[in-house]
2 protein chains.
Amino acid sequence: MTQTASRANGASTPTDDMRVAVSTVIFSLRAGDAAPSVVIPLVRRTRDPHEGLWALPGGWLRDAENLEAAASRTLAETTGLAPSYLEQLYAFGDVDRSPTRVVSIVYWALVREDASHAGEPEDPENVAWFDTAALPPLAFDHAQIVDYALWRLRNKVGYSRIAHGLLADEFTLAELREVYEAILGRRLDPANFRRQVESSGTLIPTAGFRTGSHRPARLYRYNQDVELADRGPLHQ
Amino acid sequence: MTQTASRANGASTPTDDMRVAVSTVIFSLRAGDAAPSVVIPLVRRTRDPHEGLWALPGGWLRDAENLEAAASRTLAETTGLAPSYLEQLYAFGDVDRSPTRVVSIVYWALVREDASHAGEPEDPENVAWFDTAALPPLAFDHAQIVDYALWRLRNKVGYSRIAHGLLADEFTLAELREVYEAILGRRLDPANFRRQVESSGTLIPTAGFRTGSHRPARLYRYNQDVELADRGPLHQ
């Protein structure tokens with residue numbers, strides 16, 4: 001048997017010094033006084049390497065744990081929240097990304113501002129939320145990972161209902177537009193936006209209105225029969 | 001320090017029994033006498049688990065090897081070819097996907113029928129090409145992986161120039177349409193298809209024609225300044 005066949009059939013000996021971690025980029029919205037912005041939680045590292053720097057929530061993959069379960073677990077531990085959307089982003093495995101060899105399977109998630117708490121964050125003093133437009137220096141290659149996750153989010157908002165994963169069940173068209181604006185990082189024309197989403201057929205008008213300092217605005221909801229995004233045969 | 005912070009900061013001990021493999025779904029076209037079909041190479045396993053079954057080309061990730069380098073290496077070892085396109089597909093890590101714990105980082109690739117050989121396949125007697133519409137039983141979860149790769153390919157052909165990765169540099173509109181038909185698994189109306197690709201602005205007519213038993217057909221090429229697909233900030 002040639003060496004190729006040996007490798008292709010798994011006969012060669014793998015290294016013992018390779019470890020698998022799972023991390024998650026968790027997107028949410030923070031409204032404050034102004035327009036909402038996209039925020040993520042980060043965890044302050046309390047040991048080397050990169051002690052004191054901020055890093056994505058995550059941890060080692062456990063023996064009896066599937067990848068998505070590990071992502072859900074660390075998400076709940078960090079934020080106390082349950083995600084409205086969770087998807088694998090990418091596996092990062094460059095030789096020099098960490099002092100030891102670590103392959104990180106990275107997920108990305110959406111959580112709603114008003115999400116019911118699935119539990120309490122377990123270490124709140126070392127967790128903080130940051131605007132993705134003003135991140136601190138990050139440990140390892142996590143800045144590159146966040147850039148890629150933001151690119152995926154921007155792409156996906158263009159051809160799916162992913163924005164709903166950041167909104168309450170009912171919302172006005174202005175609120176929906178502000179989610180798109182926060183993700184895309186640019187203003188959208190309100191009249192054009194209204195025409196596009198109304199013609200998309202994915203929104204259902206409700207009987208309710210949002211009242212306040214402005215003219216009352218119709219509340220909408222998404223058609224719940226439709227998935228937030230088509231994730232293909234893996235998620236059927 | 002709480003246990004969460006411990007895990008989030010990588011202090012807990014990872015398992016020693018977890019291994020990382022890299023596999024690749026390698027798409028090409030086979031024309032034969034009829035319309036072309038999408039084919040992939042498989043490797044016959046020569047040892048347990050699943051001895052005798054066909055599996056995706058791949059092997060263990062090496063100590064000093066990046067993920068994409070491992071995918072390129074096993075692709076070259078299996079087919080002797082250089083890919084026209086190579087992209088990470090997904091990380092598969094279910095606990096029960098193998099008798100031992102194996103996380104597989106899977107890539108997908110396109111190779112052209114007429115690709116210049118980068119080398120010789122190292123173990124040709126255990127490699128065979130199969131029509132994706134008539135695959136044999138596959139080892140592990142590789143049937144699920146191929147399904148997902150086909151879904152990604154079909155999606156991507158709709159919004160990028162990925163079909164070019166399966167074509168020679170110059171091609172007729174009929175040849176391009178047959179690539180789309182092979183990937184999508186259905187016939188396309190020739191006149192509609194011509195209108196769509198001509199209006200897309202991505203094709204450049206050449207001075208050449210394909211002559212043969214039919215009316216001479218104009219040869220086109222893709223605009224080489226445009227990437228086959230937008231892969232975002234990871235590939236800039």
# chains A, B, ... in the order shown; residues from 1 in each chain; ligands from 1
call {"tool": "residues_around", "arguments": {"residues": "stretch 24-38 of chain B", "least_positions_apart": "5", "cutoff": "8 Å", "atoms": "only C-alpha atoms", "output": "JSON, numbers by chain"}}
result
{"B": [56, 57, 58, 71, 74, 75, 106, 107, 108, 109, 110, 111, 112, 113, 131, 132, 133, 146, 149, 166, 178, 179, 182, 183]}
call {"tool": "write_last_selection", "arguments": {"atoms": "N, CA and C atoms", "output": "mmCIF file, in the first residue's frame"}}
result
data_model
loop_
_atom_site.group_PDB
_atom_site.id
_atom_site.type_symbol
_atom_site.label_atom_id
_atom_site.label_comp_id
_atom_site.auth_asym_id
_atom_site.auth_seq_id
_atom_site.Cartn_x
_atom_site.Cartn_y
_atom_site.Cartn_z
ATOM 1 N N LEU B 56 -14.557 9.747 1.160
ATOM 2 C CA LEU B 56 -13.973 10.960 0.592
ATOM 3 C C LEU B 56 -12.451 10.945 0.774
ATOM 4 N N PRO B 57 -11.721 11.503 -0.191
ATOM 5 C CA PRO B 57 -10.272 11.639 -0.017
ATOM 6 C C PRO B 57 -9.980 12.525 1.191
ATOM 7 N N GLY B 58 -8.972 12.155 1.954
ATOM 8 C CA GLY B 58 -8.618 12.961 3.118
ATOM 9 C C GLY B 58 -7.581 12.279 3.956
ATOM 10 N N ALA B 71 -6.021 20.141 2.677
ATOM 11 C CA ALA B 71 -7.012 19.819 1.647
ATOM 12 C C ALA B 71 -6.359 19.764 0.273
ATOM 13 N N THR B 74 -4.175 16.446 -0.024
ATOM 14 C CA THR B 74 -4.882 15.184 -0.249
ATOM 15 C C THR B 74 -5.583 15.190 -1.607
ATOM 16 N N LEU B 75 -6.005 16.369 -2.061
ATOM 17 C CA LEU B 75 -6.599 16.470 -3.397
ATOM 18 C C LEU B 75 -5.574 16.097 -4.467
ATOM 19 N N VAL B 106 -14.073 19.739 6.389
ATOM 20 C CA VAL B 106 -14.290 19.310 5.007
ATOM 21 C C VAL B 106 -14.198 20.507 4.061
ATOM 22 N N TYR B 107 -13.467 20.339 2.976
ATOM 23 C CA TYR B 107 -13.379 21.328 1.910
ATOM 24 C C TYR B 107 -14.143 20.815 0.693
ATOM 25 N N TRP B 108 -14.476 21.732 -0.213
ATOM 26 C CA TRP B 108 -14.986 21.291 -1.505
ATOM 27 C C TRP B 108 -14.189 22.008 -2.581
ATOM 28 N N ALA B 109 -14.034 21.313 -3.711
ATOM 29 C CA ALA B 109 -13.157 21.819 -4.758
ATOM 30 C C ALA B 109 -13.777 21.549 -6.121
ATOM 31 N N LEU B 110 -13.353 22.347 -7.088
ATOM 32 C CA LEU B 110 -13.701 22.104 -8.487
ATOM 33 C C LEU B 110 -12.416 21.813 -9.252
ATOM 34 N N VAL B 111 -12.448 20.791 -10.093
ATOM 35 C CA VAL B 111 -11.328 20.561 -11.006
ATOM 36 C C VAL B 111 -11.883 20.443 -12.418
ATOM 37 N N ARG B 112 -11.118 20.973 -13.373
ATOM 38 C CA ARG B 112 -11.549 20.942 -14.765
ATOM 39 C C ARG B 112 -11.158 19.616 -15.394
ATOM 40 N N GLU B 113 -12.034 19.152 -16.303
ATOM 41 C CA GLU B 113 -11.761 17.892 -17.005
ATOM 42 C C GLU B 113 -10.397 17.915 -17.685
ATOM 43 N N ASP B 131 -20.458 9.165 -10.560
ATOM 44 C CA ASP B 131 -21.520 10.140 -10.813
ATOM 45 C C ASP B 131 -22.220 10.427 -9.481
ATOM 46 N N THR B 132 -22.399 11.730 -9.151
ATOM 47 C CA THR B 132 -23.018 12.051 -7.861
ATOM 48 C C THR B 132 -24.481 11.612 -7.801
ATOM 49 N N ALA B 133 -25.061 11.306 -8.967
ATOM 50 C CA ALA B 133 -26.441 10.820 -8.963
ATOM 51 C C ALA B 133 -26.514 9.313 -8.746
ATOM 52 N N VAL B 146 -21.536 14.676 1.273
ATOM 53 C CA VAL B 146 -21.659 14.906 -0.174
ATOM 54 C C VAL B 146 -22.968 15.620 -0.483
ATOM 55 N N ALA B 149 -22.450 19.225 0.276
ATOM 56 C CA ALA B 149 -21.567 19.865 -0.710
ATOM 57 C C ALA B 149 -22.318 20.127 -2.013
ATOM 58 N N LEU B 166 -15.456 24.676 -13.628
ATOM 59 C CA LEU B 166 -15.583 23.353 -14.243
ATOM 60 C C LEU B 166 -15.378 23.394 -15.751
ATOM 61 N N GLU B 178 -24.994 23.531 -20.204
ATOM 62 C CA GLU B 178 -24.940 22.118 -19.796
ATOM 63 C C GLU B 178 -24.283 21.951 -18.422
ATOM 64 N N VAL B 179 -23.336 22.832 -18.079
ATOM 65 C CA VAL B 179 -22.750 22.781 -16.730
ATOM 66 C C VAL B 179 -23.813 23.121 -15.694
ATOM 67 N N ALA B 182 -26.173 20.227 -15.371
ATOM 68 C CA ALA B 182 -25.607 19.091 -14.634
ATOM 69 C C ALA B 182 -25.634 19.361 -13.136
ATOM 70 N N ILE B 183 -25.330 20.598 -12.751
ATOM 71 C CA ILE B 183 -25.292 20.944 -11.326
ATOM 72 C C ILE B 183 -26.707 20.999 -10.752
#
call {"tool": "residues_around", "arguments": {"residues": "B:Val43", "least_positions_apart": "3", "cutoff": "6 Å", "atoms": "only C-alpha atoms", "output": "list in words"}}
result
Trp54, Ala55, Pro57, Asn126 and Val127 of chain B
call {"tool": "residues_around", "arguments": {"residues": "stretch 222-226 of chain B", "least_positions_apart": "4", "cutoff": "7 Å", "atoms": "only C-alpha atoms", "output": "list in words"}}
result
Thr202, Leu203 and Ile204 of chain B
call {"tool": "write_last_selection", "arguments": {"atoms": "N, CA and C atoms", "output": "CSV table (one decimal), in the first residue's frame"}}
result
chain,number,residue,atom,x,y,z
B,202,THR,N,-20.8,39.2,-17.3
B,202,THR,CA,-19.6,38.5,-16.8
B,202,THR,C,-18.9,37.8,-17.9
B,203,LEU,N,-19.6,37.6,-19.1
B,203,LEU,CA,-19.0,36.9,-20.2
B,203,LEU,C,-18.4,37.8,-21.3
B,204,ILE,N,-17.3,37.4,-21.8
B,204,ILE,CA,-16.6,38.2,-22.9
B,204,ILE,C,-16.6,37.4,-24.1
call {"tool": "select_by_dssp", "arguments": {"residues": "stretch 37-195 of chain A", "states": "helix (DSSP H, G or I)", "output": "MDAnalysis selection string"}}
result
chainID A and resid 67:79 124:126 142:159 162:166 173:184 190:195
call {"tool": "residues_around", "arguments": {"residues": "B:Lys156", "least_positions_apart": "4", "cutoff": "12 Å", "atoms": "only C-alpha atoms", "output": "PDB file with C-alpha atoms, in the first residue's frame"}}
result
ATOM      1  CA  GLU B  87     -13.267  26.441  -0.281  1.00  0.00           C
ATOM      2  CA  LEU B  89     -17.397  23.515   3.378  1.00  0.00           C
ATOM      3  CA  ALA B 149     -21.567  19.865  -0.710  1.00  0.00           C
ATOM      4  CA  LEU B 150     -23.973  19.394  -3.623  1.00  0.00           C
ATOM      5  CA  TRP B 151     -26.417  21.784  -1.951  1.00  0.00           C
ATOM      6  CA  ARG B 152     -23.635  24.374  -1.562  1.00  0.00           C
ATOM      7  CA  SER B 160     -21.568  33.530  -8.628  1.00  0.00           C
ATOM      8  CA  ARG B 161     -19.366  32.515 -11.542  1.00  0.00           C
ATOM      9  CA  ILE B 162     -18.545  29.185  -9.937  1.00  0.00           C
ATOM     10  CA  ALA B 163     -19.515  27.222 -13.075  1.00  0.00           C
ATOM     11  CA  HIS B 164     -16.363  28.566 -14.683  1.00  0.00           C
ATOM     12  CA  GLY B 165     -14.359  26.387 -12.309  1.00  0.00           C
ATOM     13  CA  TYR B 180     -25.653  24.554 -15.035  1.00  0.00           C
ATOM     14  CA  ILE B 183     -25.292  20.944 -11.326  1.00  0.00           C
ATOM     15  CA  LEU B 184     -28.964  21.835 -10.942  1.00  0.00           C
ATOM     16  CA  LEU B 228     -15.277  32.973  -9.090  1.00  0.00           C
ATOM     17  CA  ALA B 229     -17.105  33.776  -5.848  1.00  0.00           C
ATOM     18  CA  ASP B 230     -16.956  36.448  -3.170  1.00  0.00           C
ATOM     19  CA  ARG B 231     -15.408  34.655  -0.229  1.00  0.00           C
TER      20      ARG B 231
END
call {"tool": "closest_residue", "arguments": {"among": "A:Glu181, A:Asp123, A:Glu170, A:Asp189", "to": "A:Ala217", "atoms": "only C-alpha atoms"}}
result
A:Glu170
call {"tool": "atom_distance", "arguments": {"atom1": "atom CA of A:Arg215", "atom2": "atom CA of A:Arg195"}}
result
19.2 Å
call {"tool": "closest_residue", "arguments": {"among": "B:Ala76, B:Leu173, B:Leu188, B:Leu53", "to": "B:Asp141", "atoms": "only C-alpha atoms"}}
result
B:Leu53
call {"tool": "residues_around", "arguments": {"residues": "stretch 190-193 of chain B", "least_positions_apart": "5", "cutoff": "9 Å", "atoms": "only C-alpha atoms", "output": "MDAnalysis selection string"}}
result
chainID B and resid 173:174 177 198
call {"tool": "write_last_selection", "arguments": {"atoms": "N, CA and C atoms", "output": "short mmCIF file (atom, residue, chain, number, x, y, z; two decimals), in the first residue's frame"}}
result
data_model
loop_
_atom_site.label_atom_id
_atom_site.label_comp_id
_atom_site.auth_asym_id
_atom_site.auth_seq_id
_atom_site.Cartn_x
_atom_site.Cartn_y
_atom_site.Cartn_z
N LEU B 173 -22.05 29.02 -25.23
CA LEU B 173 -23.16 29.19 -24.29
C LEU B 173 -23.87 27.86 -24.02
N ALA B 174 -23.88 26.98 -25.03
CA ALA B 174 -24.50 25.66 -24.81
C ALA B 174 -23.70 24.85 -23.80
N ARG B 177 -24.42 26.26 -20.40
CA ARG B 177 -25.75 25.83 -19.96
C ARG B 177 -25.74 24.38 -19.49
N GLU B 198 -26.06 36.73 -20.94
CA GLU B 198 -25.60 37.88 -21.71
C GLU B 198 -25.84 39.18 -20.96
#
call {"tool": "closest_residue", "arguments": {"among": "A:Thr79, A:Ser72, A:Thr211, A:Ser104", "to": "A:Ala128", "atoms": "only C-alpha atoms"}}
result
A:Thr79
